[in-house]
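A.B. asks: The structure's right below; bear with me while I get my questions together.
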Amino acid sequence: MEIVGHLIDGKNVTENTATMPLTNPATGIQASELALASAEQTRGAIEAASKAYPSWRATLPVKRAQVMFRFKSLLEEHLTDIGYLIGREHGKIPHDAEGEVRRGIENVEFACFAPEILKGEFSKNVGPGIDSWSEFQPLGVAAGITPFNFPVMVPLWMYPLAIVCGNTFVLKPSEKDPSAALYVAKLAHEAGLPNGVLNVVNGGKEVVDVLLTDPAIKAISFVGSTPVAESVYNKATSEGKRCQALGGAKNHAIIMPDADLPNAVKALTGAAFGSSGERCMAISVAVVVGQQTAKDLVTNLKTEMSGLRVGGPQNNNNDFGPLISAEHKQKVISLIESAEAEGAELVVDGRSPKLSDEDRGFFLGGTLIDKVKPEMTCYRNEIFGPVLCVVHVDNLEKAMELVSEHEYGNGACLFTRDGEAARHFSDNVEAGMVGINVPLPVPVSYHSFGGWKRSMFGDLSAYGPDGVRFYTRRKTITQRWPSHSTKETTRFSFPAS
Ligand code: NAD
């Protein structure tokens with residue numbers, strides 16, 4: 001059986017004692033075997049990155065950017081293969097998998113701007129004959145720990161920018177679907193990345209523990225669930241490392257009585273059920289303002305959902321695929337059951353979806369739960385499945401209170417035709433990424449991605465301008481070249497202009 005290994009110092013490493021099976025979630029059958037890196041192998045990867053750092057740091061930013069240009073072309077050329085690998089281990093349908101890769105490529109495109117984004121700031125004549133400038137220097141070795149749900153896009157949020165800023169990198173992809181990330185890292189080498197600049201080590205907590213404690217690692221980017229994000233952040237910062245840790249979400253969409261309902265229904269259906277709801281920006285709660293709006297929305301959603309096509313990635317006409325594992329499917333089912341037991345109304349039950357014969361994996365159909373109350377288990381927890389909860393409120397203020405009081409604050413959106421309501425919402429809602437008539441307000445690569453409250457730990461968001469600041473540190477240089485005729489005087493007072 002194929003063994004998925006590691007990429008250390010430019011070499012494919014498969015020999016190891018421990019392995020774990022990688023299951024195809026659409027069939028429930030083992031697809032391959034994953035090598036789990038030992039602590040020693042992980043340290044080997046960190047050492048390779050440390051060794052590669054001095055010469056990579058000294059490589060001209062324009063040369064580093066040229067590697068990214070070639071990397072972008074290779075990613076485009078291999079889009080279908082990457083989509084296939086994502087489908088085999090994650091279950092994503094090709095149209096969705098390729099969409100994820102395209103969003104990742106946008107981050108590579110941003111990294112191609114390296115000479116521009118690293119330009120720094122210059123002030124002439126801050127004193128007599130004195131100039132001062134700030135430059136942005138790399139940190140050293142950075143590490144990335146990534147989740148299963150975007151196996152290619154999330155790593156591409158991290159290392160293209162880290163590397164183009166002059167750092168070297170160790171990536172630990174999710175152990176549930178690591179093959180696509182490994183394949184993509186090999187393409188980065190084909191694009192001209194020197195050995196050791198980007199390393200991939202596979203495994204779980206044991207690998208993370210080494211990354212969190214090895215003094216050579218200067219910065220950690222984490223994306224995953226909130227409990228792990230919080231513990232990674234606490235550990236990394238206590239070890240003196242810079243850390244950004246992005247966590248879970250419960251994204252609300254507020255539907256106002258004046259919203260364009262047919263458009264809102266289509267937008268919500270895609271955002272709630274696309275990728276089986278396994279997106280940190282998925283809409284999992286619809287907050288409806290007014291009883292008539294709620295009635296109309298639920299009726300229309302039910303009709304729209306009757307056309308949902310659930311099945312494996314072998315059919316690109318399917319709307320969404322399986323959940324990642326049998327355990328996760330069971331967790332989602334328990335949350336649906338809790339909603340029924342706590343008094344909510346199950347309008348569409350996706351627990352027994354219609355499937356083709358080959359789809360024997362971990363499928364759930366779209367599920368719609370109405371009359372959900374904020375104290376219910378299904379409302380308080382992240383479900384991360386194809387489940388949309390509907391909450392009824394009387395006005396926009398009440399709807400915004402719900403968003404603001406929830407422990408998560410990743411994304412929130414409003415469907416309305418009222419500009420004043422939209423402005424009030426975007427000014428005051430407690431969430432890091434806001435959509436107005438846009439259901440998945442994922443920032444483009446030249447902005448930055450990050451939630452508020454317990455959806456993110458750390459001060460600098462992922463990628464874009466915040467990403468550049470995260471992977472660099474400012475150095476400010478003040479320089480004077482006195483002329484030969486200048487006579488120095490000894491001064492004891494603090495210099496001021
Ligand atoms: P996860 O937290 O289980 O795993 C994420 C990473 O952490 C993996 O690489 C995993 O191996 C590692 N890990 C798991 N347990 C660990 C532990 N105890 N100690 C150290 N490392 C550990 O998350 P997941 O199930 O892979 O991904 C789904 C979660 O990620 C959801 O909560 C989702 O909302 C979140 N997510 C957030 C964003 C965002 O940008 N905020 C993006 C994607 C996913």
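So you can find residues: chains in the structure tokens are A, B, ... in the order shown, residues in each start at 1, and ligands are numbered from 1 in order.
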For Val444 in chain A, please output as a count of residues only all residues within 12 Å (counting only C-alpha atoms; exclusion window: fewer than 6 positions along the same chain).
C.D. replies: 16
A.B. asks: What lies within 8 Å of range 350-357 of chain A using only C-alpha atoms, ignoring chain neighbours under 6 positions off, as a PyMOL selection string?
C.D. replies: chain A and resi 310-311+333+363-367
A.B. asks: Neighbours of ligand 1 within 6 Å, counting only C-alpha atoms and all ligand atoms, as a PyMOL selection string?
C.D. replies: chain A and resi 145-149+173-175+204-205+208+223-225+228+246-249+280+455
A.B. asks: Among the residues of range 255-441 of chain A, find those DSSP assigns to helix (DSSP H, G or I) from the backbone and print them as a VMD selection string.
C.D. replies: chain A and resid 261 to 277 291 to 305 326 to 341 377 to 380 396 to 405 419 to 428
A.B. asks: Skip Thr213 in chain A itself and residues of its chain fewer than 6 positions away, then list as a VMD selection string all residues within 10 Å of it, counting only C-alpha atoms.
C.D. replies: chain A and resid 235 to 236 238 to 241
A.B. asks: Please dump the current selection as a short mmCIF file (atom, residue, chain, number, x, y, z; two decimals), in the first residue's frame; keep C-alpha atoms.
C.D. replies:
data_model
loop_
_atom_site.label_atom_id
_atom_site.label_comp_id
_atom_site.auth_asym_id
_atom_site.auth_seq_id
_atom_site.Cartn_x
_atom_site.Cartn_y
_atom_site.Cartn_z
CA LYS A 235 2.24 27.10 24.81
CA ALA A 236 3.91 28.85 21.86
CA SER A 238 5.05 30.86 26.84
CA GLU A 239 8.04 29.52 24.87
CA GLY A 240 8.68 33.05 23.59
CA LYS A 241 7.41 32.39 20.06
#
A.B. asks: Env of range 185-194 of chain A: 10 Å cut, atoms = only C-alpha atoms, seq-sep filter 3 positions within chain, self excluded. Answer as a PyMOL selection string.
C.D. replies: chain A and resi 7+9-12+52+55-56+63-64+66-75+78+152+155-156+159-160+163+171+179-182+197-200
A.B. asks: Could you tell me which of A:Val184, A:Ile369, A:Leu161, A:Ala496 comes closest to Glu76 in chain A if we count only C-alpha atoms?
C.D. replies: A:Val184
A.B. asks: Find the spatial neighbours of Ala282 in chain A, counting only C-alpha atoms, within a cut-off of 12 Å - ignore same-chain residues fewer than 6 positions away - and output them as a VMD selection string.
C.D. replies: chain A and resid 149 248 to 253 267 to 276 382 to 389 410 to 413 438 to 442
A.B. asks: State, in Å with one decimal place, the distance from CA of Arg380 in chain A to CA of Gln330 in chain A.
C.D. replies: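 Pair CA of Arg380 in chain A / CA of Gln330 in chain A returns 17.8 Å.
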A.B. asks: Taking 4 positions as the minimum chain separation for residues in the same chain, which residues sit within 6 Å of Gly91 in chain A when counting only C-alpha atoms? Answer as a compact mmCIF listing (two decimals) with N, CA and C atoms, in the first residue's frame.
C.D. replies:
# COMPACT_ATOMS: atom_id res chain seq x y z
N PRO A 25 -13.16 9.10 2.74
CA PRO A 25 -14.42 9.26 3.47
C PRO A 25 -15.66 9.02 2.61
N ALA A 26 -15.49 9.00 1.28
CA ALA A 26 -16.66 8.75 0.42
C ALA A 26 -16.97 7.26 0.31
N GLY A 87 -9.97 15.25 -3.07
CA GLY A 87 -11.20 14.44 -3.08
C GLY A 87 -10.99 13.08 -2.45
N PRO A 313 -16.82 12.41 -4.70
CA PRO A 313 -16.13 13.29 -5.65
C PRO A 313 -16.01 12.71 -7.06
N GLY A 321 -19.91 16.53 -0.62
CA GLY A 321 -19.51 15.15 -0.37
C GLY A 321 -19.73 14.72 1.07
N PRO A 322 -18.93 13.74 1.51
CA PRO A 322 -19.11 13.18 2.85
C PRO A 322 -18.49 14.07 3.94
A.B. asks: Quote the spacing between CA of Met281 in chain A and CA of Gly28 in chain A in Å to one decimal place.
C.D. replies: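 Taking CA of Met281 in chain A and CA of Gly28 in chain A, their separation equals 26.4 Å.
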A.B. asks: Find, counting only C-alpha atoms, the residue in A:Ala399, A:Leu22, A:Ile82, A:Ala48 that gets nearest to Val285 in chain A.
C.D. replies: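 Looking only at the distances to Val285 in chain A, the closest residue turns out to be A:Ala399.
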A.B. asks: Considering only strand (DSSP E) as DSSP defines it on the backbone, what residues of range 60-153 of chain A qualify? List them as a PyMOL selection string.
C.D. replies: chain A and resi 121-127+130-138+141-145
A.B. asks: Take the residues from that selection and write them out as a PDB file, in the first residue's frame, keeping C-alpha atoms.
C.D. replies:
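To be explicit, this is the file written out as part.pdb:
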ATOM      1  CA  GLU A 121       9.793  53.055   5.197  1.00  0.00           C
ATOM      2  CA  PHE A 122      12.334  55.842   4.734  1.00  0.00           C
ATOM      3  CA  SER A 123      12.624  59.337   6.223  1.00  0.00           C
ATOM      4  CA  LYS A 124      15.337  61.686   5.052  1.00  0.00           C
ATOM      5  CA  ASN A 125      16.737  64.385   7.372  1.00  0.00           C
ATOM      6  CA  VAL A 126      15.214  63.262  10.661  1.00  0.00           C
ATOM      7  CA  GLY A 127      18.072  65.354  12.117  1.00  0.00           C
ATOM      8  CA  ILE A 130      20.617  62.107   9.603  1.00  0.00           C
ATOM      9  CA  ASP A 131      18.348  59.696   7.749  1.00  0.00           C
ATOM     10  CA  SER A 132      16.203  56.952   9.261  1.00  0.00           C
ATOM     11  CA  TRP A 133      14.472  53.914   7.822  1.00  0.00           C
ATOM     12  CA  SER A 134      12.532  50.902   8.962  1.00  0.00           C
ATOM     13  CA  GLU A 135      13.046  47.568   7.270  1.00  0.00           C
ATOM     14  CA  PHE A 136      11.234  44.274   7.740  1.00  0.00           C
ATOM     15  CA  GLN A 137      13.545  41.372   8.424  1.00  0.00           C
ATOM     16  CA  PRO A 138      12.613  37.668   8.481  1.00  0.00           C
ATOM     17  CA  VAL A 141      12.245  29.257  10.950  1.00  0.00           C
ATOM     18  CA  ALA A 142       8.447  29.446  11.066  1.00  0.00           C
ATOM     19  CA  ALA A 143       6.005  26.537  11.413  1.00  0.00           C
ATOM     20  CA  GLY A 144       2.444  25.949  10.236  1.00  0.00           C
ATOM     21  CA  ILE A 145      -0.111  23.531  11.695  1.00  0.00           C
TER      22      ILE A 145
END
A.B. asks: Determine, counting only C-alpha atoms, which protein, DNA and RNA residues have an atom within 12 Å of an atom of Val298 in chain A; residues of the same chain fewer than 5 positions away are not included. Present the result as a compact mmCIF listing (two decimals) with N, CA and C atoms, in the first residue's frame.
C.D. replies:
# COMPACT_ATOMS: atom_id res chain seq x y z
N ILE A 255 -31.29 37.86 8.31
CA ILE A 255 -32.14 38.12 7.14
C ILE A 255 -33.21 39.12 7.56
N LEU A 261 -35.31 37.95 -0.93
CA LEU A 261 -35.41 36.60 -0.36
C LEU A 261 -34.90 35.49 -1.30
N PRO A 262 -35.29 35.48 -2.58
CA PRO A 262 -34.79 34.39 -3.44
C PRO A 262 -33.26 34.35 -3.47
N ALA A 264 -31.22 35.54 -1.12
CA ALA A 264 -30.74 35.15 0.22
C ALA A 264 -30.84 33.63 0.39
N VAL A 265 -31.92 33.04 -0.12
CA VAL A 265 -32.11 31.59 0.02
C VAL A 265 -31.01 30.83 -0.73
N LEU A 268 -27.69 31.34 1.17
CA LEU A 268 -27.63 30.57 2.42
C LEU A 268 -27.44 29.08 2.14
N THR A 269 -28.11 28.57 1.12
CA THR A 269 -28.01 27.14 0.82
C THR A 269 -26.57 26.78 0.48
N ALA A 286 -29.14 31.00 10.70
CA ALA A 286 -29.87 32.08 10.02
C ALA A 286 -30.72 32.75 11.08
N VAL A 287 -30.49 34.04 11.31
CA VAL A 287 -31.29 34.77 12.29
C VAL A 287 -32.30 35.60 11.49
N VAL A 288 -33.57 35.28 11.67
CA VAL A 288 -34.58 35.90 10.81
C VAL A 288 -35.36 36.95 11.59
N GLN A 291 -41.72 37.44 12.05
CA GLN A 291 -42.32 36.09 11.89
C GLN A 291 -42.62 35.74 10.44
N GLN A 292 -43.10 36.75 9.65
CA GLN A 292 -43.44 36.44 8.26
C GLN A 292 -42.18 36.11 7.46
N THR A 293 -41.07 36.87 7.75
CA THR A 293 -39.80 36.60 7.05
C THR A 293 -39.35 35.18 7.38
N THR A 303 -37.72 24.14 -0.11
CA THR A 303 -37.84 23.87 -1.54
C THR A 303 -36.46 23.78 -2.19
N GLU A 304 -35.60 24.77 -1.87
CA GLU A 304 -34.25 24.80 -2.47
C GLU A 304 -33.46 23.55 -2.08
N MET A 305 -33.63 23.12 -0.82
CA MET A 305 -32.87 21.97 -0.33
C MET A 305 -33.32 20.65 -0.95
N GLU A 345 -37.45 22.44 15.91
CA GLU A 345 -38.27 21.74 14.90
C GLU A 345 -37.40 21.29 13.74
N LEU A 346 -37.34 19.99 13.53
CA LEU A 346 -36.51 19.45 12.43
C LEU A 346 -37.32 19.53 11.14
N VAL A 347 -37.01 20.51 10.29
CA VAL A 347 -37.81 20.74 9.08
C VAL A 347 -37.32 19.85 7.94
N VAL A 348 -36.01 19.76 7.78
CA VAL A 348 -35.44 18.83 6.79
C VAL A 348 -34.41 17.97 7.53
N THR A 367 -29.52 19.50 6.45
CA THR A 367 -30.49 19.45 7.55
C THR A 367 -30.88 20.87 7.94
N LEU A 368 -32.20 21.09 8.09
CA LEU A 368 -32.69 22.42 8.47
C LEU A 368 -33.44 22.30 9.78
N ILE A 369 -32.99 23.09 10.77
CA ILE A 369 -33.64 23.04 12.09
C ILE A 369 -34.22 24.41 12.39
N ASP A 370 -35.52 24.47 12.60
CA ASP A 370 -36.19 25.75 12.85
C ASP A 370 -36.44 25.93 14.35
N LYS A 371 -36.74 27.18 14.71
CA LYS A 371 -37.12 27.56 16.08
C LYS A 371 -36.04 27.15 17.09
N LEU A 388 -28.23 23.72 9.10
CA LEU A 388 -28.54 25.15 9.26
C LEU A 388 -29.60 25.31 10.34
N CYS A 389 -29.29 26.11 11.36
CA CYS A 389 -30.23 26.39 12.44
C CYS A 389 -30.90 27.73 12.18
N VAL A 390 -32.22 27.81 12.40
CA VAL A 390 -32.93 29.07 12.19
C VAL A 390 -33.40 29.60 13.55
N VAL A 391 -33.05 30.86 13.83
CA VAL A 391 -33.44 31.51 15.09
C VAL A 391 -34.35 32.69 14.72
N HIS A 392 -35.44 32.87 15.48
CA HIS A 392 -36.36 33.97 15.18
C HIS A 392 -36.12 35.13 16.14
A.B. asks: Could you state the separation of CA of Thr42 in chain A and CA of Ile217 in chain A in Å, given to one decimal place?
C.D. replies: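 Going from CA of Thr42 in chain A over to CA of Ile217 in chain A covers 11.6 Å.
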